[in-house]
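J.: Dropping a structure here in structure tokens format, bear with me for questions.
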Amino acid sequence: MGVLTISRQVRNRLHGSWMLISLIFVVLLPFLLGTGLYIKSANLLSNHSISSLLFSTEWKPISGKFGLWPFILSSLWVTILAVLFAVPICLLTSLHITQYAKRWVLSLMHPIIDILAGIPSVIYGVWGVLIVVPFVADYIAPLFGKTISGYSILAGAIVLAIMIIPFMLNILMEIFKTIPEELTEASLALGATRWQTIKKVILRKAFPGIVSAIGLGLSRAFGETIAVMMVVGNVTRIPYGTLQPGYPLPALIANNYGEMMSIPLYDSALMLAALVLFVIVLFFNFASRMAIVRLEKNL
Amino acid sequence: MHQGCKIHIENLNLTIGKQSILKDINICIPEGKITVIIGPSGCGKTTLLKTLNRLTDLYPEMKVSGSIVIDDQNVLESGQDITEIRKKMGLLSQRPYPLPMNIFNNVAFGLRISGRLSKRILHKRVQHYLEQANLWEEVKNRLHEPASKLSIGQQQRLCLARGLAVDPEIILADEPTSALDPISSQTIEHKFLELRGKYTIVLVTHFLQQAQRIADNVVFMYLGEVIEQGPSDEFFNNPQQEHTKHYLKGMFN
């Protein structure tokens with residue numbers, strides 16, 4: 001064996017191990033993140049019971065009360081509402097693009113979606129303050145006989161819905177594109193109309209994918225911070241309706257991070273909020289993955 | 001129109017942009033017979049088959065002209081109920097594509113689309129067509145399992161049952177055995193021989209031996225044109241065109 005071959009083999013090994021190391025790093029990342037947040041919030045957890053922290057509605061850092069429930073609820077309201085707005089729009093759009101539209105529409109849509117996805121979220125926030133908040137105040141609230149500033153859960157959900165549309169639309173289009181044309185042909189050949197084919201064959205075949213798209217959309221929406229923070233009102237109170245202001249978890253962390261040093265346990269509480277955010281997003285991911293596995297079995 | 005033609009194709013042209021895929025096709029497909037379309041890959045066989053039940057509508061870039069007359073009705077004329085035309089033709093594709101539902105519903109799909117049936121009659125019909133496709137015995141205890149759990153040979157027979165269930169007059173088969181093992185292929189071939197007479201069968205294949213075994217009538221296509229067509233015996237034993245002779249020789253050497 002020549003020197004050249006040996007050095008080649010060594011180099012081969014070396015490069016292989018670099019790849020393995022970066023892989024391990026990526027696999028460990030979520031655990032590192034979770035552990036870090038846990039260690040940081042352990043201080044608070046040793047003084048308070050976890051249920052009192054999660055489900056108490058009192059948030060008074062100065063008197064040492066750190067109830068996260070209003071924030072968790074606000075986050076859930078904004079996120080679920082946003083996904084409810086975005087899903088039908090994304091579904092119908094992606095179906096139209098992949099099933100009905102001419103090919104050039106598809107090639108036109110890709111750059112448009114990329115542009116939408118690439119806009120910094122602060123711009124969505126500004127746009128929300130200028131357009132959505134007044135719209136909610138002037139047009140939506142009067143419908144229900146209310147006078148509000150417009151900074152509300154609803155405004156947050158609308159802005160958030162628009163932000164996750166490009167994200168979910170992209171996934172859904174990819175899903176519909178993977179369904180073989182022969183399946184459509186088979187259904188049409190049996191005498192089904194285009195709509196019957198979409199309803200009974202395509203949507204069915206795509207269902208696990210649609211569930212995963214919604215799951216990813218939920219996770220994405222749940223953590224979105226700045227744009228929501230700008231329009232949602234940020235009032236620490238249990239929201240009882242979509243026209244009321246809310247205060248989602250990410251906004252809580254971002255707004256208070258600077259002043260946390262002055263009050264004891266405040267930093268721990270914010271880290272706990274981050275941990276809760278992390279766990280809920282993990283849960284969304286996990287649940288949608290479970291659902292996909294279940295659903296795919298029946299196809 | 002020729003006597004005894006179930007499908008009569010006249011001056012059929014199909015283009016994609018400037019490219020001509022089918023050129024001036026004229027074919028008579030006799031009723032109740034097995035007509036086999038052969039030719040090297042890329043010669044337009046599959047496209048021709050898709051034109052017959054207008055699956056070409058799915059691809060707006062394809063421009064079709066000419067006429068395809070089935071029972072005095074020109075399929076290509078616009079303004080007809082395309083779903084009715086398609087129901088006349090069962091389609092069996094190269095690989096089986098079971099619908100994303102259970103075995104029973106795969107066969108019941110077409111039946112339900114055609115009209116409401118009572119549960120009992122629906123079940124009877126499904127059984128009948130699964131028997132027709134030689135599949136009933138193998139699946140009668142697992143009708144509610146997803147169709148994708150079946151072996152690929154079973155799936156192809158399920159697709160046949162599903163196609164027969166809409167009570168077509170014509171069966172269009174696009175290399176239906178190319179993905180199957182020899183035994184499953186044989187089952188399908190035998191089935192076609194049994195079904196001949198009741199159905200007009202149009203089979204696209206690139207297996208010359210298969211064509212020889214089951215064809216009544218052969219159409220040979222090359223580069224989008226029909227080179228030669230006629231009864232199987234004549235075609236294989238006494239081909240008229242040079243192209244055909246070369247093709248047959250090439251395959252048999």
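Numbering starts fresh at 1 for the residues of each chain in the structure tokens, the chains themselves are lettered A, B, ... in the order given, and ligands are numbered from 1 as they appear.
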Determine which residues of stretch 50-193 of chain A DSSP labels as strand (DSSP E or B) from the backbone of this structure, then write them out as a count of residues only.
T.: 4
J.: Find the distance between atom CA of A:Lys297 and atom CA of A:Leu95 and write it in Å to one decimal.
T.: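 If I compute the distance from atom CA of A:Lys297 to atom CA of A:Leu95, I get 23.7 Å.
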J.: For chain A, which residue among B:Ile9, B:Ile113, B:Ala108, B:Leu48 is the nearest when counting only C-alpha atoms?
T.: B:Ile113
J.: With chain B as the partner and 6 Å as the cut-off, tabulate the residues of chain A that qualify, each row holding the nearest pair of atoms and their distance in Å to one decimal, using only C-alpha atoms, sorted by chain and rising number, as a tab-separated table.
T.:
```
residue	atom	partner	partner_atom	distance
A:Leu183	CA	B:Tyr97	CA	5.8
A:Ala189	CA	B:Arg86	CA	5.3
A:Leu190	CA	B:Gly110	CA	5.5
A:Gly191	CA	B:Thr83	CA	4.5
A:Lys205	CA	B:Pro100	CA	5.5
A:Asn298	CA	B:Pro146	CA	5.6
A:Leu299	CA	B:Pro100	CA	4.8
```
J.: Got time to write the residues from that selection, C-alpha atoms, as a PDB file, in the first residue's frame?
T.:
```
ATOM      1  CA  LEU A 183     -54.378   8.103  -9.327  1.00  0.00           C
ATOM      2  CA  ALA A 189     -61.615   6.714 -15.743  1.00  0.00           C
ATOM      3  CA  LEU A 190     -64.161   5.271 -13.315  1.00  0.00           C
ATOM      4  CA  GLY A 191     -66.516   8.090 -14.204  1.00  0.00           C
ATOM      5  CA  LYS A 205     -54.580  10.423  -0.068  1.00  0.00           C
ATOM      6  CA  ASN A 298     -55.196   3.278   6.601  1.00  0.00           C
ATOM      7  CA  LEU A 299     -54.261   4.364   3.129  1.00  0.00           C
TER       8      LEU A 299
END
```
J.: Please list as a CSV table (one decimal) with all heavy atoms, in the first residue's frame every residue within 10 Å of B:Gln73, counting only C-alpha atoms and excluding residues in the same chain fewer than 5 positions away.
T.:
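Once everything was written out, this is selection_30.csv:
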```
chain,number,residue,atom,x,y,z
B,7,ILE,N,-64.5,0.9,-32.0
B,7,ILE,CA,-63.9,2.2,-32.0
B,7,ILE,C,-63.3,2.5,-33.3
B,7,ILE,O,-62.6,1.7,-33.9
B,7,ILE,CB,-62.8,2.3,-30.9
B,7,ILE,CG1,-63.3,1.8,-29.6
B,7,ILE,CG2,-62.2,3.7,-30.8
B,7,ILE,CD1,-62.2,1.6,-28.5
B,8,HIS,N,-63.7,3.7,-33.8
B,8,HIS,CA,-63.2,4.0,-35.2
B,8,HIS,C,-62.4,5.3,-35.1
B,8,HIS,O,-63.0,6.4,-34.8
B,8,HIS,CB,-64.3,4.1,-36.2
B,8,HIS,CG,-63.9,4.1,-37.6
B,8,HIS,ND1,-64.2,5.1,-38.4
B,8,HIS,CD2,-63.0,3.3,-38.2
B,8,HIS,CE1,-63.6,4.9,-39.6
B,8,HIS,NE2,-62.9,3.8,-39.5
B,67,SER,N,-61.1,12.5,-35.2
B,67,SER,CA,-62.3,12.0,-34.6
B,67,SER,C,-62.0,10.5,-34.0
B,67,SER,O,-61.3,9.8,-34.6
B,67,SER,CB,-63.5,12.0,-35.5
B,67,SER,OG,-63.3,11.0,-36.5
B,68,ILE,N,-62.7,10.3,-32.9
B,68,ILE,CA,-62.7,8.9,-32.4
B,68,ILE,C,-64.2,8.6,-32.1
B,68,ILE,O,-64.8,9.1,-31.3
B,68,ILE,CB,-62.0,8.9,-31.0
B,68,ILE,CG1,-60.5,9.2,-31.2
B,68,ILE,CG2,-62.1,7.5,-30.4
B,68,ILE,CD1,-59.7,9.3,-29.9
B,80,GLN,N,-69.9,17.1,-24.4
B,80,GLN,CA,-70.6,15.9,-24.1
B,80,GLN,C,-70.3,15.6,-22.6
B,80,GLN,O,-69.4,16.1,-22.0
B,80,GLN,CB,-70.0,14.8,-24.9
B,80,GLN,CG,-70.0,15.0,-26.3
B,80,GLN,CD,-69.5,13.8,-27.1
B,80,GLN,OE1,-70.1,12.8,-27.1
B,80,GLN,NE2,-68.3,14.0,-27.7
B,85,ILE,N,-68.8,8.9,-21.0
B,85,ILE,CA,-68.0,8.3,-22.0
B,85,ILE,C,-66.9,7.5,-21.3
B,85,ILE,O,-66.6,6.4,-21.7
B,85,ILE,CB,-67.3,9.4,-22.9
B,85,ILE,CG1,-68.3,10.1,-23.7
B,85,ILE,CG2,-66.2,8.8,-23.8
B,85,ILE,CD1,-67.8,11.3,-24.4
```
J.: When distances are computed from only C-alpha atoms, which of B:Ala179, B:Met221, B:Val126, B:Ile38 shows the smallest separation from B:Asp24?
T.: B:Met221
J.: Might you pull out every residue within 10 Å of A:Ser149, with only C-alpha atoms counted and same-chain residues fewer than 3 positions away left off, and present them as a list in words?
T.: Val133, Pro134, Val136, Ala137, Asp138, Ala141, Lys146, Ser152, Gly233, Leu243, Gln244 and Pro245 of chain A
J.: Measure the distance from atom CA of A:Leu295 to atom CA of A:Ser94 in Å and round it to one decimal.
T.: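 Separating atom CA of A:Leu295 from atom CA of A:Ser94 is a distance of 21.0 Å.
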J.: Check the smallest atom-to-atom distance from each of B:Ser20, B:Ser151, B:Gln212, B:Asn26 to B:Gly44 using only C-alpha atoms, then report the winner.
T.: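 For B:Gly44, the nearest of the candidates is B:Ser20.
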J.: How would you write, as JSON, numbers by chain, the set of residues in stretch 58-286 of chain A that DSSP gives as helix (DSSP H, G or I)?
T.: {"A": [61, 62, 63, 69, 70, 71, 72, 73, 74, 75, 76, 77, 78, 79, 80, 81, 82, 83, 84, 85, 86, 87, 88, 89, 90, 91, 92, 93, 94, 95, 96, 97, 98, 99, 100, 103, 104, 105, 106, 107, 108, 109, 110, 111, 112, 113, 114, 115, 116, 117, 118, 121, 122, 123, 124, 125, 126, 127, 128, 129, 130, 131, 132, 133, 134, 135, 136, 137, 138, 139, 140, 141, 142, 143, 153, 154, 155, 156, 157, 158, 159, 160, 161, 162, 163, 164, 165, 166, 167, 168, 169, 170, 171, 172, 173, 174, 175, 176, 177, 178, 181, 182, 183, 184, 185, 186, 187, 188, 189, 194, 195, 196, 197, 198, 199, 200, 201, 202, 203, 204, 205, 206, 207, 208, 209, 210, 211, 212, 213, 214, 215, 216, 217, 218, 219, 220, 221, 222, 223, 226, 227, 228, 229, 230, 231, 249, 250, 251, 252, 253, 254, 255, 256, 260, 261, 262, 266, 267, 268, 269, 270, 271, 272, 273, 274, 275, 276, 277, 278, 279, 280, 281, 282, 283, 284, 285, 286]}
J.: For atom CA of B:Arg125 and atom CA of A:Arg204, quote the distance in Å rounded to one decimal.
T.: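 For atom CA of B:Arg125 relative to atom CA of A:Arg204, the distance reads 24.1 Å.
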J.: Would you list the contacts of B:Phe235 as a short mmCIF file (atom, residue, chain, number, x, y, z; two decimals) with all heavy atoms, in the first residue's frame, taking every protein, DNA or RNA residue within 9 Å and counting only C-alpha atoms, but skipping same-chain residues closer than 3 positions in sequence?
T.:
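Listed below is the output, part.cif:
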```cif
data_model
loop_
_atom_site.label_atom_id
_atom_site.label_comp_id
_atom_site.auth_asym_id
_atom_site.auth_seq_id
_atom_site.Cartn_x
_atom_site.Cartn_y
_atom_site.Cartn_z
N ASN B 217 -56.15 -8.98 -33.06
CA ASN B 217 -55.93 -7.92 -34.01
C ASN B 217 -54.72 -7.13 -33.52
O ASN B 217 -54.59 -6.91 -32.32
CB ASN B 217 -57.19 -7.03 -34.01
CG ASN B 217 -57.27 -6.14 -35.21
OD1 ASN B 217 -56.89 -6.54 -36.29
ND2 ASN B 217 -57.75 -4.92 -35.01
N VAL B 218 -53.82 -6.74 -34.40
CA VAL B 218 -52.61 -6.06 -33.96
C VAL B 218 -52.46 -4.72 -34.68
O VAL B 218 -52.76 -4.61 -35.87
CB VAL B 218 -51.35 -6.92 -34.24
CG1 VAL B 218 -50.10 -6.21 -33.73
CG2 VAL B 218 -51.47 -8.28 -33.60
N VAL B 219 -52.04 -3.71 -33.92
CA VAL B 219 -51.71 -2.42 -34.52
C VAL B 219 -50.26 -2.15 -34.17
O VAL B 219 -49.87 -2.23 -33.01
CB VAL B 219 -52.59 -1.30 -33.92
CG1 VAL B 219 -52.17 0.06 -34.49
CG2 VAL B 219 -54.06 -1.57 -34.18
N GLU B 228 -48.69 -0.49 -39.47
CA GLU B 228 -49.43 -1.63 -40.03
C GLU B 228 -50.46 -2.10 -39.03
O GLU B 228 -50.25 -2.05 -37.83
CB GLU B 228 -48.45 -2.76 -40.34
CG GLU B 228 -49.08 -3.91 -41.09
CD GLU B 228 -48.03 -4.84 -41.71
OE1 GLU B 228 -46.84 -4.51 -41.68
OE2 GLU B 228 -48.43 -5.90 -42.22
N GLN B 229 -51.60 -2.55 -39.53
CA GLN B 229 -52.59 -3.14 -38.63
C GLN B 229 -53.34 -4.25 -39.36
O GLN B 229 -53.45 -4.24 -40.58
CB GLN B 229 -53.57 -2.08 -38.12
CG GLN B 229 -54.31 -1.34 -39.21
CD GLN B 229 -55.25 -0.29 -38.64
OE1 GLN B 229 -55.97 -0.58 -37.69
NE2 GLN B 229 -55.26 0.89 -39.21
N GLY B 230 -53.81 -5.21 -38.58
CA GLY B 230 -54.54 -6.31 -39.19
C GLY B 230 -54.70 -7.46 -38.24
O GLY B 230 -54.23 -7.40 -37.09
N PRO B 231 -55.35 -8.53 -38.69
CA PRO B 231 -55.55 -9.71 -37.86
C PRO B 231 -54.19 -10.29 -37.42
O PRO B 231 -53.21 -10.21 -38.18
CB PRO B 231 -56.27 -10.69 -38.78
CG PRO B 231 -56.89 -9.84 -39.83
CD PRO B 231 -56.01 -8.66 -39.99
N SER B 232 -54.16 -10.84 -36.24
CA SER B 232 -52.93 -11.29 -35.63
C SER B 232 -52.12 -12.25 -36.51
O SER B 232 -50.93 -12.07 -36.70
CB SER B 232 -53.27 -11.96 -34.29
OG SER B 232 -52.12 -12.44 -33.70
N ASN B 238 -47.15 -12.76 -41.94
CA ASN B 238 -46.94 -12.19 -43.26
C ASN B 238 -47.02 -10.66 -43.22
O ASN B 238 -47.89 -10.05 -43.85
CB ASN B 238 -48.03 -12.76 -44.19
CG ASN B 238 -47.73 -12.42 -45.62
OD1 ASN B 238 -46.61 -12.06 -45.97
ND2 ASN B 238 -48.76 -12.49 -46.46
N PRO B 239 -46.08 -10.06 -42.49
CA PRO B 239 -46.14 -8.59 -42.39
C PRO B 239 -45.84 -7.94 -43.74
O PRO B 239 -45.04 -8.47 -44.52
CB PRO B 239 -45.04 -8.28 -41.37
CG PRO B 239 -44.14 -9.45 -41.38
CD PRO B 239 -44.97 -10.63 -41.75
N GLN B 240 -46.52 -6.84 -44.00
CA GLN B 240 -46.40 -6.20 -45.31
C GLN B 240 -45.32 -5.13 -45.34
O GLN B 240 -44.67 -4.94 -46.35
CB GLN B 240 -47.74 -5.55 -45.69
CG GLN B 240 -48.91 -6.52 -45.75
CD GLN B 240 -48.70 -7.60 -46.79
OE1 GLN B 240 -48.38 -7.31 -47.93
NE2 GLN B 240 -48.86 -8.85 -46.40
N THR B 244 -42.22 -3.18 -40.05
CA THR B 244 -42.79 -4.25 -39.23
C THR B 244 -41.88 -5.46 -39.24
O THR B 244 -41.59 -6.06 -38.20
CB THR B 244 -44.17 -4.65 -39.78
OG1 THR B 244 -44.85 -3.50 -40.20
CG2 THR B 244 -44.97 -5.39 -38.73
#
```
J.: If you take only C-alpha atoms and a cut-off of 8 Å, which residues of stretch 37-112 of chain A touch stretch 268-292 of chain A, and what are their nearest atom pairs and distances in Å to one decimal, in chain and number order, as CSV?
T.:
```
residue,atom,partner,partner_atom,distance
A:Leu37,CA,A:Leu275,CA,5.7
A:Tyr38,CA,A:Leu275,CA,6.8
A:Lys40,CA,A:Ser268,CA,5.9
A:Ser41,CA,A:Ser268,CA,4.3
A:Ala42,CA,A:Ser268,CA,7.2
A:Asn43,CA,A:Ser268,CA,6.3
A:Leu44,CA,A:Ser268,CA,5.6
A:Phe66,CA,A:Ala269,CA,6.6
A:Leu68,CA,A:Ala273,CA,7.2
```
J.: Those same residues, written as a PDB file, in the first residue's frame with N, CA and C atoms?
T.:
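As written to disk, again.pdb reads:
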```pdb
ATOM      1  N   LEU A  37     -33.018  25.367  29.467  1.00  0.00           N
ATOM      2  CA  LEU A  37     -34.182  26.101  29.968  1.00  0.00           C
ATOM      3  C   LEU A  37     -34.622  25.555  31.317  1.00  0.00           C
ATOM      4  N   TYR A  38     -34.531  24.237  31.459  1.00  0.00           N
ATOM      5  CA  TYR A  38     -34.954  23.633  32.726  1.00  0.00           C
ATOM      6  C   TYR A  38     -34.048  24.091  33.867  1.00  0.00           C
ATOM      7  N   LYS A  40     -32.275  26.767  34.085  1.00  0.00           N
ATOM      8  CA  LYS A  40     -32.504  28.176  34.372  1.00  0.00           C
ATOM      9  C   LYS A  40     -33.790  28.415  35.158  1.00  0.00           C
ATOM     10  N   SER A  41     -34.799  27.556  34.922  1.00  0.00           N
ATOM     11  CA  SER A  41     -36.065  27.802  35.617  1.00  0.00           C
ATOM     12  C   SER A  41     -36.189  26.980  36.902  1.00  0.00           C
ATOM     13  N   ALA A  42     -35.167  26.159  37.199  1.00  0.00           N
ATOM     14  CA  ALA A  42     -35.232  25.269  38.363  1.00  0.00           C
ATOM     15  C   ALA A  42     -35.399  26.049  39.667  1.00  0.00           C
ATOM     16  N   ASN A  43     -34.769  27.221  39.712  1.00  0.00           N
ATOM     17  CA  ASN A  43     -34.859  28.077  40.892  1.00  0.00           C
ATOM     18  C   ASN A  43     -36.302  28.329  41.316  1.00  0.00           C
ATOM     19  N   LEU A  44     -37.107  28.679  40.333  1.00  0.00           N
ATOM     20  CA  LEU A  44     -38.504  28.997  40.589  1.00  0.00           C
ATOM     21  C   LEU A  44     -39.281  27.734  40.922  1.00  0.00           C
ATOM     22  N   PHE A  66     -46.090  34.307  39.996  1.00  0.00           N
ATOM     23  CA  PHE A  66     -45.788  34.086  38.578  1.00  0.00           C
ATOM     24  C   PHE A  66     -46.762  33.093  37.938  1.00  0.00           C
ATOM     25  N   LEU A  68     -48.700  31.670  34.928  1.00  0.00           N
ATOM     26  CA  LEU A  68     -48.510  31.785  33.472  1.00  0.00           C
ATOM     27  C   LEU A  68     -49.799  31.573  32.670  1.00  0.00           C
TER      28      LEU A  68
END
```
J.: Using only C-alpha atoms, which residues sit within 12 Å of stretch 130-132 of chain B once same-chain residues fewer than 3 positions away are excluded, as a PyMOL selection string?
T.: chain B and resi 103-108+123-127+135-140+143+154-165+167+187-188+190-192+194-195
J.: Give one line per residue of stretch 189-268 of chain A that approaches stretch 80-85 of chain A to at most 10 Å, naming the two atoms of the closest pair and their distance in Å to one decimal, counting only C-alpha atoms; sort by chain then ascending residue number and deliver it as JSON lines.
T.:
```
{"residue": "A:Ile214", "atom": "CA", "partner": "A:Val83", "partner_atom": "CA", "distance": 7.4}
{"residue": "A:Gly215", "atom": "CA", "partner": "A:Val83", "partner_atom": "CA", "distance": 9.4}
{"residue": "A:Gly217", "atom": "CA", "partner": "A:Val83", "partner_atom": "CA", "distance": 6.9}
{"residue": "A:Leu218", "atom": "CA", "partner": "A:Val83", "partner_atom": "CA", "distance": 6.5}
{"residue": "A:Ala221", "atom": "CA", "partner": "A:Ala82", "partner_atom": "CA", "distance": 7.6}
{"residue": "A:Phe222", "atom": "CA", "partner": "A:Ile80", "partner_atom": "CA", "distance": 8.6}
{"residue": "A:Thr242", "atom": "CA", "partner": "A:Leu81", "partner_atom": "CA", "distance": 8.8}
```
J.: Give me a file of those residues, with N, CA, C and O atoms, as a PDB file, in the first residue's frame.
T.:
```
ATOM      1  N   ILE A 214     -50.654  21.164   9.046  1.00  0.00           N
ATOM      2  CA  ILE A 214     -51.322  21.935  10.096  1.00  0.00           C
ATOM      3  C   ILE A 214     -50.491  21.915  11.374  1.00  0.00           C
ATOM      4  O   ILE A 214     -50.323  22.934  12.045  1.00  0.00           O
ATOM      5  N   GLY A 215     -49.937  20.744  11.691  1.00  0.00           N
ATOM      6  CA  GLY A 215     -49.097  20.628  12.887  1.00  0.00           C
ATOM      7  C   GLY A 215     -47.886  21.549  12.811  1.00  0.00           C
ATOM      8  O   GLY A 215     -47.566  22.270  13.761  1.00  0.00           O
ATOM      9  N   GLY A 217     -47.646  24.187  10.941  1.00  0.00           N
ATOM     10  CA  GLY A 217     -48.161  25.555  10.974  1.00  0.00           C
ATOM     11  C   GLY A 217     -48.424  26.006  12.402  1.00  0.00           C
ATOM     12  O   GLY A 217     -48.076  27.123  12.796  1.00  0.00           O
ATOM     13  N   LEU A 218     -49.009  25.102  13.204  1.00  0.00           N
ATOM     14  CA  LEU A 218     -49.275  25.405  14.617  1.00  0.00           C
ATOM     15  C   LEU A 218     -47.975  25.724  15.350  1.00  0.00           C
ATOM     16  O   LEU A 218     -47.885  26.734  16.062  1.00  0.00           O
ATOM     17  N   ALA A 221     -46.611  29.022  14.223  1.00  0.00           N
ATOM     18  CA  ALA A 221     -47.403  30.163  14.674  1.00  0.00           C
ATOM     19  C   ALA A 221     -47.227  30.392  16.169  1.00  0.00           C
ATOM     20  O   ALA A 221     -47.208  31.520  16.645  1.00  0.00           O
ATOM     21  N   PHE A 222     -47.085  29.305  16.909  1.00  0.00           N
ATOM     22  CA  PHE A 222     -47.049  29.405  18.365  1.00  0.00           C
ATOM     23  C   PHE A 222     -45.859  30.216  18.855  1.00  0.00           C
ATOM     24  O   PHE A 222     -45.943  30.909  19.862  1.00  0.00           O
ATOM     25  N   THR A 242     -62.337  37.072  21.418  1.00  0.00           N
ATOM     26  CA  THR A 242     -61.276  37.358  20.445  1.00  0.00           C
ATOM     27  C   THR A 242     -61.062  38.857  20.271  1.00  0.00           C
ATOM     28  O   THR A 242     -60.067  39.276  19.711  1.00  0.00           O
TER      29      THR A 242
END
```
J.: Using only C-alpha atoms, which residues sit within 12 Å of A:Ser51 once same-chain residues fewer than 2 positions away are excluded, as number ranges by chain?
T.: A: 45, 48-49, 53-57, 66-69
